[in-house]
Each structure stands twice: as structure tokens, then as C-alpha cells.
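Coordinates as given in model_11.cif (mmCIF, C-alpha atoms):
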data_protein
loop_
_atom_site.group_PDB
_atom_site.id
_atom_site.type_symbol
_atom_site.label_atom_id
_atom_site.label_comp_id
_atom_site.auth_asym_id
_atom_site.auth_seq_id
_atom_site.Cartn_x
_atom_site.Cartn_y
_atom_site.Cartn_z
ATOM 1 C CA MET A 1 171.545 -164.155 71.571
ATOM 2 C CA LEU A 2 173.738 -162.665 74.297
ATOM 3 C CA LEU A 3 172.584 -162.878 77.909
ATOM 4 C CA ASP A 4 173.640 -160.323 80.514
ATOM 5 C CA THR A 5 173.610 -163.220 82.971
ATOM 6 C CA ALA A 6 173.969 -161.372 86.290
ATOM 7 C CA SER A 7 171.263 -158.882 85.296
ATOM 8 C CA LEU A 8 168.921 -161.809 84.560
ATOM 9 C CA TYR A 9 169.655 -163.870 87.670
ATOM 10 C CA TYR A 10 169.158 -160.773 89.846
ATOM 11 C CA ARG A 11 165.743 -160.350 88.231
ATOM 12 C CA ALA A 12 165.002 -164.029 88.764
ATOM 13 C CA TYR A 13 166.058 -163.762 92.418
ATOM 14 C CA PHE A 14 163.702 -160.863 93.093
ATOM 15 C CA GLY A 15 160.934 -162.233 90.859
ATOM 16 C CA VAL A 16 160.722 -165.810 92.194
ATOM 17 C CA PRO A 17 159.810 -166.327 95.875
ATOM 18 C CA GLU A 18 162.572 -167.437 98.236
ATOM 19 C CA SER A 19 160.289 -170.281 99.326
ATOM 20 C CA VAL A 20 161.532 -172.114 96.205
ATOM 21 C CA LYS A 21 164.164 -174.293 97.864
ATOM 22 C CA ALA A 22 166.419 -177.301 97.353
ATOM 23 C CA PRO A 23 165.714 -180.497 99.326
ATOM 24 C CA ASP A 24 168.178 -179.313 102.019
ATOM 25 C CA GLY A 25 166.277 -176.013 102.440
ATOM 26 C CA THR A 26 168.727 -173.795 100.492
ATOM 27 C CA PRO A 27 166.910 -171.182 98.372
ATOM 28 C CA VAL A 28 167.262 -171.857 94.632
ATOM 29 C CA ASN A 29 164.855 -169.189 93.362
ATOM 30 C CA ALA A 30 167.535 -167.454 91.238
ATOM 31 C CA VAL A 31 168.707 -170.765 89.730
ATOM 32 C CA ARG A 32 165.242 -171.975 88.803
ATOM 33 C CA GLY A 33 164.125 -168.526 87.705
ATOM 34 C CA LEU A 34 167.103 -168.137 85.368
ATOM 35 C CA LEU A 35 166.590 -171.597 83.834
ATOM 36 C CA ASP A 36 162.930 -170.722 83.217
ATOM 37 C CA PHE A 37 164.020 -167.380 81.688
ATOM 38 C CA ILE A 38 166.400 -169.143 79.288
ATOM 39 C CA ALA A 39 163.782 -171.759 78.343
ATOM 40 C CA ARG A 40 161.292 -169.004 77.545
ATOM 41 C CA LEU A 41 163.837 -166.998 75.536
ATOM 42 C CA VAL A 42 164.813 -170.048 73.471
ATOM 43 C CA GLN A 43 161.181 -170.994 72.939
ATOM 44 C CA ASP A 44 160.112 -167.501 71.855
ATOM 45 C CA HIS A 45 163.158 -166.425 69.826
ATOM 46 C CA ARG A 46 164.862 -169.640 68.653
ATOM 47 C CA PRO A 47 168.423 -168.257 68.477
ATOM 48 C CA ASP A 48 170.974 -170.419 66.661
ATOM 49 C CA ALA A 49 173.697 -169.332 69.096
ATOM 50 C CA LEU A 50 173.435 -168.397 72.769
ATOM 51 C CA VAL A 51 176.099 -167.029 75.112
ATOM 52 C CA ALA A 52 175.725 -166.462 78.853
ATOM 53 C CA CYS A 53 178.039 -163.463 79.343
ATOM 54 C CA MET A 54 179.584 -163.262 82.819
ATOM 55 C CA ASP A 55 181.050 -160.581 85.081
ATOM 56 C CA PHE A 56 184.575 -161.819 85.855
ATOM 57 C CA ASP A 57 185.150 -158.373 87.355
ATOM 58 C CA TRP A 58 182.046 -156.365 88.218
ATOM 59 C CA ARG A 59 184.092 -153.211 89.014
ATOM 60 C CA PRO A 60 187.234 -153.171 86.829
ATOM 61 C CA GLN A 61 190.153 -151.228 88.260
ATOM 62 C CA TRP A 62 190.724 -149.370 84.978
ATOM 63 C CA ARG A 63 187.238 -147.851 85.287
ATOM 64 C CA VAL A 64 187.740 -147.040 88.995
ATOM 65 C CA ASP A 65 191.080 -145.343 88.182
ATOM 66 C CA LEU A 66 189.203 -142.971 85.866
ATOM 67 C CA ILE A 67 186.138 -142.389 88.093
ATOM 68 C CA PRO A 68 186.802 -143.521 91.709
ATOM 69 C CA SER A 69 183.083 -143.393 92.613
ATOM 70 C CA TYR A 70 182.299 -146.040 89.955
ATOM 71 C CA LYS A 71 180.086 -148.624 91.728
ATOM 72 C CA ALA A 72 181.828 -147.691 95.020
ATOM 73 C CA HIS A 73 178.544 -147.846 96.950
ATOM 74 C CA ARG A 74 178.191 -151.530 96.033
ATOM 75 C CA VAL A 75 181.517 -152.674 97.513
ATOM 76 C CA ALA A 76 180.899 -155.063 100.410
ATOM 77 C CA GLU A 77 184.571 -155.820 101.055
ATOM 78 C CA GLU A 78 187.835 -154.589 99.544
ATOM 79 C CA VAL A 79 190.074 -157.386 98.267
ATOM 80 C CA ALA A 80 193.792 -156.711 97.785
ATOM 81 C CA SER A 81 194.531 -159.547 95.366
ATOM 82 C CA GLY A 82 191.530 -159.357 93.037
ATOM 83 C CA PRO A 83 188.117 -157.825 92.368
ATOM 84 C CA ASP A 84 186.405 -156.333 95.436
ATOM 85 C CA ALA A 85 183.467 -158.304 96.798
ATOM 86 C CA GLU A 86 180.127 -156.938 95.614
ATOM 87 C CA GLU A 87 177.251 -156.410 98.003
ATOM 88 C CA THR A 88 174.946 -159.295 97.124
ATOM 89 C CA PRO A 89 171.876 -160.587 98.975
ATOM 90 C CA ASP A 90 172.958 -163.339 101.409
ATOM 91 C CA THR A 91 170.745 -165.955 99.795
ATOM 92 C CA LEU A 92 171.733 -165.055 96.214
ATOM 93 C CA ALA A 93 175.545 -165.325 96.474
ATOM 94 C CA PRO A 94 175.557 -169.139 97.100
ATOM 95 C CA GLN A 95 173.293 -169.676 94.083
ATOM 96 C CA VAL A 96 175.742 -168.174 91.569
ATOM 97 C CA PRO A 97 178.165 -171.176 91.521
ATOM 98 C CA VAL A 98 175.139 -173.487 91.102
ATOM 99 C CA ILE A 99 173.988 -171.417 88.104
ATOM 100 C CA GLU A 100 177.476 -171.687 86.589
ATOM 101 C CA ASP A 101 177.623 -175.465 87.129
ATOM 102 C CA VAL A 102 174.169 -175.996 85.613
ATOM 103 C CA LEU A 103 174.912 -173.868 82.523
ATOM 104 C CA ASP A 104 178.175 -175.803 82.014
ATOM 105 C CA ALA A 105 176.430 -179.181 82.374
ATOM 106 C CA VAL A 106 173.692 -178.146 79.917
ATOM 107 C CA GLY A 107 176.329 -176.939 77.449
ATOM 108 C CA ILE A 108 175.348 -173.277 77.211
ATOM 109 C CA ALA A 109 178.480 -171.243 76.484
ATOM 110 C CA ARG A 110 179.488 -169.193 79.538
ATOM 111 C CA VAL A 111 182.018 -166.511 78.657
ATOM 112 C CA GLY A 112 183.869 -163.889 80.676
ATOM 113 C CA ALA A 113 187.265 -162.206 80.761
ATOM 114 C CA GLU A 114 189.535 -161.226 83.651
ATOM 115 C CA GLY A 115 189.339 -157.503 84.339
ATOM 116 C CA TYR A 116 186.095 -156.988 82.428
ATOM 117 C CA GLU A 117 182.357 -156.842 83.028
ATOM 118 C CA ALA A 118 179.737 -158.868 81.159
ATOM 119 C CA ASP A 119 178.842 -155.637 79.301
ATOM 120 C CA ASP A 120 182.347 -155.633 77.789
ATOM 121 C CA VAL A 121 182.029 -159.272 76.731
ATOM 122 C CA ILE A 122 178.690 -158.404 75.106
ATOM 123 C CA GLY A 123 180.264 -155.375 73.399
ATOM 124 C CA THR A 124 183.095 -157.511 72.020
ATOM 125 C CA LEU A 125 180.847 -160.325 70.777
ATOM 126 C CA THR A 126 178.511 -157.762 69.199
ATOM 127 C CA ALA A 127 181.454 -156.111 67.415
ATOM 128 C CA ARG A 128 182.546 -159.524 66.084
ATOM 129 C CA ALA A 129 179.062 -160.627 64.987
ATOM 130 C CA THR A 130 178.397 -161.087 61.276
ATOM 131 C CA GLY A 131 174.610 -161.371 61.637
ATOM 132 C CA PRO A 132 171.755 -160.093 63.816
ATOM 133 C CA VAL A 133 172.251 -160.010 67.607
ATOM 134 C CA ALA A 134 169.657 -159.950 70.385
ATOM 135 C CA ILE A 135 171.057 -158.712 73.718
ATOM 136 C CA VAL A 136 168.911 -159.675 76.709
ATOM 137 C CA THR A 137 169.548 -157.330 79.629
ATOM 138 C CA GLY A 138 167.868 -155.286 82.319
ATOM 139 C CA ASP A 139 170.728 -152.763 82.081
ATOM 140 C CA ARG A 140 170.035 -149.678 79.964
ATOM 141 C CA ASP A 141 173.786 -149.071 79.493
ATOM 142 C CA LEU A 142 173.709 -151.631 76.691
ATOM 143 C CA TYR A 143 171.318 -149.482 74.646
ATOM 144 C CA GLN A 144 174.536 -147.963 73.268
ATOM 145 C CA LEU A 145 175.018 -151.094 71.130
ATOM 146 C CA VAL A 146 171.675 -150.808 69.306
ATOM 147 C CA ASP A 147 172.269 -150.584 65.549
ATOM 148 C CA ASP A 148 169.399 -151.169 63.117
ATOM 149 C CA ARG A 149 171.733 -151.443 60.129
ATOM 150 C CA ARG A 150 173.512 -154.419 61.681
ATOM 151 C CA GLY A 151 170.366 -155.925 63.231
ATOM 152 C CA ILE A 152 171.559 -155.378 66.819
ATOM 153 C CA ARG A 153 168.747 -154.870 69.294
ATOM 154 C CA VAL A 154 168.190 -155.093 73.016
ATOM 155 C CA LEU A 155 165.427 -157.170 74.590
ATOM 156 C CA TYR A 156 164.691 -155.464 77.907
ATOM 157 C CA PRO A 157 162.637 -157.477 80.419
ATOM 158 C CA VAL A 158 159.642 -155.476 81.573
ATOM 159 C CA LYS A 159 158.051 -158.324 83.507
ATOM 160 C CA GLY A 160 159.995 -161.573 83.753
ATOM 161 C CA VAL A 161 161.090 -162.438 80.234
ATOM 162 C CA GLY A 162 157.581 -163.132 79.029
ATOM 163 C CA THR A 163 157.223 -159.397 78.398
ATOM 164 C CA LEU A 164 160.265 -157.971 76.673
ATOM 165 C CA GLN A 165 160.577 -154.468 75.297
ATOM 166 C CA LEU A 166 162.284 -154.503 71.904
ATOM 167 C CA VAL A 167 164.757 -151.618 71.921
ATOM 168 C CA ASP A 168 165.706 -150.447 68.435
ATOM 169 C CA GLU A 169 166.786 -147.064 67.070
ATOM 170 C CA ALA A 170 163.174 -145.894 66.681
ATOM 171 C CA LEU A 171 162.505 -146.488 70.388
ATOM 172 C CA LEU A 172 165.753 -144.766 71.423
ATOM 173 C CA ARG A 173 164.902 -141.716 69.334
ATOM 174 C CA GLU A 174 161.333 -141.607 70.624
ATOM 175 C CA LYS A 175 162.293 -142.027 74.276
ATOM 176 C CA TYR A 176 165.694 -140.311 74.508
ATOM 177 C CA GLY A 177 166.195 -138.452 71.227
ATOM 178 C CA VAL A 178 169.455 -140.313 70.466
ATOM 179 C CA ASN A 179 170.748 -143.319 68.531
ATOM 180 C CA GLY A 180 172.865 -146.122 70.057
ATOM 181 C CA PRO A 181 176.234 -144.309 70.183
ATOM 182 C CA GLY A 182 174.437 -141.140 71.328
ATOM 183 C CA TYR A 183 173.205 -143.028 74.373
ATOM 184 C CA VAL A 184 176.775 -142.992 75.786
ATOM 185 C CA ASP A 185 176.813 -139.180 75.682
ATOM 186 C CA LEU A 186 173.329 -138.973 77.196
ATOM 187 C CA ALA A 187 174.194 -141.420 79.999
ATOM 188 C CA LEU A 188 177.428 -139.714 81.039
ATOM 189 C CA LEU A 189 175.855 -136.234 81.038
ATOM 190 C CA ARG A 190 172.813 -137.430 82.996
ATOM 191 C CA GLY A 191 174.830 -139.641 85.332
ATOM 192 C CA ASP A 192 173.681 -142.889 86.873
ATOM 193 C CA PRO A 193 173.472 -143.213 90.672
ATOM 194 C CA SER A 194 173.167 -147.016 90.417
ATOM 195 C CA ASP A 195 176.664 -147.116 88.842
ATOM 196 C CA GLY A 196 178.142 -144.270 90.917
ATOM 197 C CA LEU A 197 178.455 -142.026 87.857
ATOM 198 C CA PRO A 198 178.060 -138.422 89.016
ATOM 199 C CA GLY A 199 177.032 -136.902 85.679
ATOM 200 C CA VAL A 200 177.140 -133.130 85.187
ATOM 201 C CA PRO A 201 175.413 -131.410 88.127
ATOM 202 C CA GLY A 202 172.144 -129.767 87.096
ATOM 203 C CA ILE A 203 171.913 -131.615 83.772
ATOM 204 C CA GLY A 204 169.265 -134.317 83.842
ATOM 205 C CA GLU A 205 168.053 -136.605 81.088
ATOM 206 C CA LYS A 206 165.787 -134.062 79.350
ATOM 207 C CA THR A 207 168.390 -131.278 79.351
ATOM 208 C CA ALA A 208 171.066 -133.732 78.126
ATOM 209 C CA ALA A 209 168.765 -134.844 75.273
ATOM 210 C CA LYS A 210 168.083 -131.191 74.307
ATOM 211 C CA LEU A 211 171.798 -130.333 74.336
ATOM 212 C CA LEU A 212 172.587 -133.354 72.143
ATOM 213 C CA ALA A 213 169.756 -132.482 69.737
ATOM 214 C CA ALA A 214 171.114 -128.931 69.453
ATOM 215 C CA HIS A 215 174.831 -129.693 69.230
ATOM 216 C CA GLY A 216 175.026 -133.239 67.799
ATOM 217 C CA ASP A 217 177.256 -135.016 70.272
ATOM 218 C CA LEU A 218 179.419 -134.499 73.355
ATOM 219 C CA ALA A 219 182.236 -132.943 71.324
ATOM 220 C CA GLY A 220 179.724 -130.527 69.781
ATOM 221 C CA ILE A 221 178.396 -129.579 73.218
ATOM 222 C CA MET A 222 181.898 -128.884 74.565
ATOM 223 C CA ALA A 223 182.717 -126.852 71.433
ATOM 224 C CA ALA A 224 179.597 -124.793 72.194
ATOM 225 C CA VAL A 225 180.913 -124.166 75.729
ATOM 226 C CA ASP A 226 183.991 -122.577 74.136
ATOM 227 C CA ASP A 227 181.928 -120.551 71.631
ATOM 228 C CA PRO A 228 180.497 -117.360 73.217
ATOM 229 C CA ALA A 229 177.919 -117.157 70.389
ATOM 230 C CA ALA A 230 176.559 -120.687 70.963
ATOM 231 C CA LYS A 231 173.120 -121.067 72.473
ATOM 232 C CA LEU A 232 173.731 -122.234 76.030
ATOM 233 C CA THR A 233 172.304 -120.752 79.199
ATOM 234 C CA PRO A 234 174.940 -119.191 81.477
ATOM 235 C CA SER A 235 174.362 -121.920 84.092
ATOM 236 C CA GLN A 236 174.714 -124.720 81.487
ATOM 237 C CA ARG A 237 177.938 -123.176 80.176
ATOM 238 C CA LYS A 238 179.327 -122.856 83.715
ATOM 239 C CA ARG A 239 178.363 -126.387 84.768
ATOM 240 C CA LEU A 240 179.742 -128.016 81.634
ATOM 241 C CA ASP A 241 182.943 -125.985 81.883
ATOM 242 C CA GLU A 242 183.453 -127.026 85.526
ATOM 243 C CA ALA A 243 182.766 -130.669 84.628
ATOM 244 C CA ARG A 244 185.591 -130.886 82.055
ATOM 245 C CA PRO A 245 187.768 -133.280 84.114
ATOM 246 C CA TYR A 246 184.807 -135.690 84.449
ATOM 247 C CA ILE A 247 183.748 -135.297 80.797
ATOM 248 C CA ALA A 248 187.321 -136.073 79.674
ATOM 249 C CA VAL A 249 187.324 -139.554 81.271
ATOM 250 C CA ALA A 250 183.636 -140.537 81.455
ATOM 251 C CA PRO A 251 183.263 -141.774 77.847
ATOM 252 C CA LYS A 252 185.856 -144.506 78.438
ATOM 253 C CA VAL A 253 184.047 -145.611 81.616
ATOM 254 C CA VAL A 254 180.532 -145.595 80.141
ATOM 255 C CA ARG A 255 181.379 -147.030 76.719
ATOM 256 C CA VAL A 256 181.545 -150.833 76.725
ATOM 257 C CA ALA A 257 184.790 -152.370 75.498
ATOM 258 C CA SER A 258 184.710 -153.963 72.054
ATOM 259 C CA ASP A 259 188.129 -155.623 71.947
ATOM 260 C CA VAL A 260 188.223 -157.884 75.004
ATOM 261 C CA PRO A 261 190.432 -161.001 74.614
ATOM 262 C CA LEU A 262 188.034 -163.932 74.964
ATOM 263 C CA PRO A 263 188.660 -167.676 75.253
ATOM 264 C CA GLU A 264 187.649 -170.091 72.517
ATOM 265 C CA PHE A 265 184.066 -171.311 72.955
ATOM 266 C CA ASP A 266 181.201 -172.910 71.053
ATOM 267 C CA ALA A 267 178.067 -170.738 71.120
ATOM 268 C CA THR A 268 175.899 -173.241 69.245
ATOM 269 C CA LEU A 269 172.660 -173.870 71.090
ATOM 270 C CA PRO A 270 172.918 -177.433 72.471
ATOM 271 C CA ARG A 271 170.147 -179.883 71.654
ATOM 272 C CA GLU A 272 171.293 -182.367 74.312
ATOM 273 C CA PRO A 273 173.075 -181.674 77.622
ATOM 274 C CA ARG A 274 176.873 -181.643 77.409
ATOM 275 C CA ASP A 275 177.219 -183.622 80.638
ATOM 276 C CA PRO A 276 173.962 -185.510 81.344
ATOM 277 C CA GLU A 277 175.314 -187.166 84.512
ATOM 278 C CA ALA A 278 176.457 -183.903 86.078
ATOM 279 C CA LEU A 279 173.155 -182.274 85.149
ATOM 280 C CA ALA A 280 171.135 -185.127 86.688
ATOM 281 C CA GLU A 281 173.200 -184.872 89.870
ATOM 282 C CA LEU A 282 172.773 -181.070 90.078
ATOM 283 C CA THR A 283 169.039 -181.362 89.355
ATOM 284 C CA ALA A 284 168.548 -183.889 92.150
ATOM 285 C CA ARG A 285 170.774 -182.087 94.665
ATOM 286 C CA TRP A 286 169.238 -178.654 94.146
ATOM 287 C CA GLY A 287 165.670 -179.703 93.357
ATOM 288 C CA LEU A 288 165.656 -178.156 89.898
ATOM 289 C CA GLY A 289 163.215 -180.736 88.469
ATOM 290 C CA GLY A 290 160.625 -178.798 86.466
ATOM 291 C CA SER A 291 162.934 -175.925 85.516
ATOM 292 C CA ALA A 292 165.743 -178.180 84.246
ATOM 293 C CA GLN A 293 163.252 -180.371 82.389
ATOM 294 C CA ARG A 294 161.547 -177.395 80.699
ATOM 295 C CA LEU A 295 164.894 -176.070 79.516
ATOM 296 C CA LEU A 296 166.002 -179.454 78.158
ATOM 297 C CA SER A 297 162.742 -180.101 76.331
ATOM 298 C CA THR A 298 162.842 -176.581 74.816
ATOM 299 C CA LEU A 299 166.435 -177.092 73.628
ATOM 300 C CA HIS A 300 165.581 -180.536 72.255
ATOM 301 C CA GLY A 301 162.525 -179.222 70.433
#

Output the file's structure as C-alpha cells, nothing else.
Amino acid sequence: MLLDTASLYYRAYFGVPESVKAPDGTPVNAVRGLLDFIARLVQDHRPDALVACMDFDWRPQWRVDLIPSYKAHRVAEEVASGPDAEETPDTLAPQVPVIEDVLDAVGIARVGAEGYEADDVIGTLTARATGPVAIVTGDRDLYQLVDDRRGIRVLYPVKGVGTLQLVDEALLREKYGVNGPGYVDLALLRGDPSDGLPGVPGIGEKTAAKLLAAHGDLAGIMAAVDDPAAKLTPSQRKRLDEARPYIAVAPKVVRVASDVPLPEFDATLPREPRDPEALAELTARWGLGGSAQRLLSTLHG
């Protein structure tokens, strides 16, 4: 089981009231919410391996070089010597180091790579996997990894993590008319304002799905643009032709990396905390009582 950790702690932050606080009054709603999420996931799905995948760089320069608008609207502060600071709610940012410390003390593998997003870590671990993989994320970009043959599916939280939508190839075909790899083509044609991806002007999700159904894939669509006999409306042909510079680079930006160099780690689900003393200290300091206890008892069980 691979966790898109930032996606899940954002959901926890907005799903658990900010009145959930540590003894010193600091909000810990994201910390407690994430621990409860993980406990519920372990309880319901019983994975034999679990990895909390991290964003070491939420806006990699190599993606920005290709599409400068990539996540540009989320930059809070430009940083010369490393990743730009992301716009994060004031009361969430201080909770992230606490989440990292707690995961480390529990012994849940926390994996990231310099210059890459969590999506790329997930893509790499999925490519390496020899058995079924469940990817837990609130980010539809990862639908591209769905592969029934290899048992790779996405669990998409609809409400908390108690209600998860199982995303397999049947759901992708029903909802979008594509398979996993086809989702990359659909996403880049449609665009995604939340990621600063412009898409092709005038081509929304339904038109993109129809074009892919008619022409197979992005290469087939662009071949149709060059074929006067192909069935495209004049406006579609014009818009796709004008979007060539974007279409040339967008696949590399939208497609998750599958060859990221990762550190050595042990993904085995711990039955006991790796560092009981550190965990007890963190639990007391941040008032994590019930949430920490539920996670430990679920892991132990």
C-alpha cells in the first residue's frame, strides 16, 4: 500500500476540526486525522507493506522548465537554493514535521527523493512491485498507474478514508473512456487548473475522451491533425495545431516518473513501534493519545 501522504494529510486537515489541539494549544488536527486514516486503512485492507510517500520537491524544476505555469499559482515564496515554498495553511505547515516524526517513531517507511514529487515515488515503487499495489490518494493524476493485469488500483477517498472509491480499469473506461496510460493523454488535453496545466483551449474532458476514442491516443490525434481526410472539426484541428509546443512537452510533465533513485528502506508493516520512547514523548507533547493508541493497536492486531 502506497500513501500519497500530503494528499491525505491535507484531507485530514480540512476534515478534522481545528479545535483538536495539543496541550499547548497548537492545532494537531492533520496529525491526528492522518494517524486515524492510516489505522483505518490498515484495519480494512491489511497490507503486508506500507510506504508513506513524500513530496521532497512539490514543484520540480524539470517540470517547471517544460511548462512554466506548472503549480505557479501555489508558490508562496521563491527560494533560490532549493524548492520554492508552497502556499500552505498557516496552521497546517507546523504539523508536517510532527507527522514525519510520528511516522518515523512508529516505524512506517517514509520515502521521498530530492527533485521529485510523491507521485514520482509512487510511480517508481509501482513499477518495481512484483505483486498487487493499492495507491491511496485524493489526486486523480495517479489514475494513470491503474493496471488490472498487474493488480494496481487506486483507492480514492470520497469521505475520509472510511469511504474509498476503488478505481480500476472498468471505472476509468466507464467514467473517462480510457485505460490507465490513456489517462495521461486525457489529462494533458483537458488541462488541470489545480496544477497550472493549461490544456488545449476549447478541449474539455468530454471532447478529449471523444478524440481519444476516435484516434486511439495522443499520437493518433496529432496524426489526424496532419491528415486532411481525418474526422476533426475545423476548430479542433486549428486548436490542436496551435497547441503543438504544449503537446510536445506536456506528456513528460503529466506522466509520473518510474525510475526515481530511492534510498534503501523497509516497507514491512511494523507490529511494534520502532522507537517506543520517542513515540511516547511525541504522543504526550502533542496530545495524540487516542489516535496514536488506535494506530498501535491496529498494527499489533

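The space between CA of Arg173 in chain A and CA of Thr126 in chain A spans 21.0 Å.
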
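Run against this file, the PyMOL selection byres ((chain A and resi 215) around 12) gives back Val178, Gly182, Asp185, Ala208, Ala209, Lys210, Leu211, Leu212, Ala213, Ala214, Gly216, Asp217, Leu218, Ala219, Gly220, Ile221, Met222, Ala223, Ala224, Val225, Asp227, Ala230, Lys231 and Leu232 of chain A.
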
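Distances here use only C-alpha atoms; by that measure, the residue among A:Pro263, A:Pro47, A:Gly33, A:Pro251 closest to Val111 in chain A is A:Pro263.
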
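Put simply, CA of Ile247 in chain A is 26.5 Å away from CA of Glu86 in chain A.
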
Run the PyMOL selection byres ((chain A and resi 188) around 10) against the file shown and list the residues it catches, as a short mmCIF file (atom, residue, chain, number, x, y, z; two decimals) with C-alpha atoms, in the frame of the given file.
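File produced: selection.cif:
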data_model
loop_
_atom_site.label_atom_id
_atom_site.label_comp_id
_atom_site.auth_asym_id
_atom_site.auth_seq_id
_atom_site.Cartn_x
_atom_site.Cartn_y
_atom_site.Cartn_z
CA TYR A 183 173.20 -143.03 74.37
CA VAL A 184 176.78 -142.99 75.79
CA ASP A 185 176.81 -139.18 75.68
CA LEU A 186 173.33 -138.97 77.20
CA ALA A 187 174.19 -141.42 80.00
CA LEU A 189 175.86 -136.23 81.04
CA ARG A 190 172.81 -137.43 83.00
CA GLY A 191 174.83 -139.64 85.33
CA ASP A 192 173.68 -142.89 86.87
CA LEU A 197 178.46 -142.03 87.86
CA PRO A 198 178.06 -138.42 89.02
CA GLY A 199 177.03 -136.90 85.68
CA VAL A 200 177.14 -133.13 85.19
CA GLU A 205 168.05 -136.60 81.09
CA ALA A 208 171.07 -133.73 78.13
CA LEU A 218 179.42 -134.50 73.36
CA TYR A 246 184.81 -135.69 84.45
CA ILE A 247 183.75 -135.30 80.80
CA VAL A 249 187.32 -139.55 81.27
CA ALA A 250 183.64 -140.54 81.46
CA PRO A 251 183.26 -141.77 77.85
CA VAL A 253 184.05 -145.61 81.62
CA VAL A 254 180.53 -145.60 80.14
CA ARG A 255 181.38 -147.03 76.72
#

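If you apply the PyMOL selection byres ((chain A and resi 113) around 9) to this structure, you end up with A:Met54, A:Asp55, A:Phe56, A:Asp57, A:Val111, A:Gly112, A:Glu114, A:Gly115, A:Tyr116, A:Glu117, A:Ala118, A:Asp120, A:Val121, A:Val260, A:Pro261, A:Leu262, A:Pro263.
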
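Note that CA of Pro23 in chain A and CA of Gly287 in chain A are 6.0 Å apart.
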
Neighbouring residues of range 127-144 of chain A were defined as those with any atom within 8 Å, considering all atoms listed in the file; residues of the same chain fewer than 4 positions away were excluded. Please report them as a PyMOL selection string.
chain A and resi 1-5+7-8+119+122-123+150-157+167+172+179-184+187+254-256+258

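Of the listed residues A:Arg294, A:Pro201, A:Gln165, A:Phe265, the one whose atoms come nearest to Gln236 in chain A is A:Pro201, with distances taken using all atoms listed in the file.
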
Centre and edge lengths, as JSON, for the axis-aligned box enclosing every listed atom of range 169-173 of chain A with 8 Å of padding on each of the six sides, in Å to one decimal?
{"center_x": 164.6, "center_y": -144.4, "center_z": 69.1, "size_x": 20.3, "size_y": 21.3, "size_z": 20.7}

Selected residue, from A:Lys206, A:Arg11, A:Arg63, A:Lys21, that lies nearest to Arg285 in chain A when counting all atoms listed in the file
A:Lys21

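Closest to Gly162 in chain A among A:Asp36, A:Glu281, A:Glu18, A:Glu174 is A:Asp36, based on all atoms listed in the file.
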
Taking 6 positions as the minimum chain separation for residues in the same chain, which residues sit within 12 Å of Leu295 in chain A when counting all atoms listed in the file? Answer as number ranges by chain.
A: 32-43, 102-103, 106-108, 269-273, 279, 283, 288-289, 301

Which one is closest to Gly196 in chain A: A:Val64, A:Leu282, A:Gln95, A:Ala72? Count only C-alpha atoms.
A:Ala72

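For the residues A:Gly202, A:Asp44, A:Val28, A:Ala257, ranking by smallest atom-to-atom distance to Pro97 in chain A using all atoms listed in the file places A:Val28 first.
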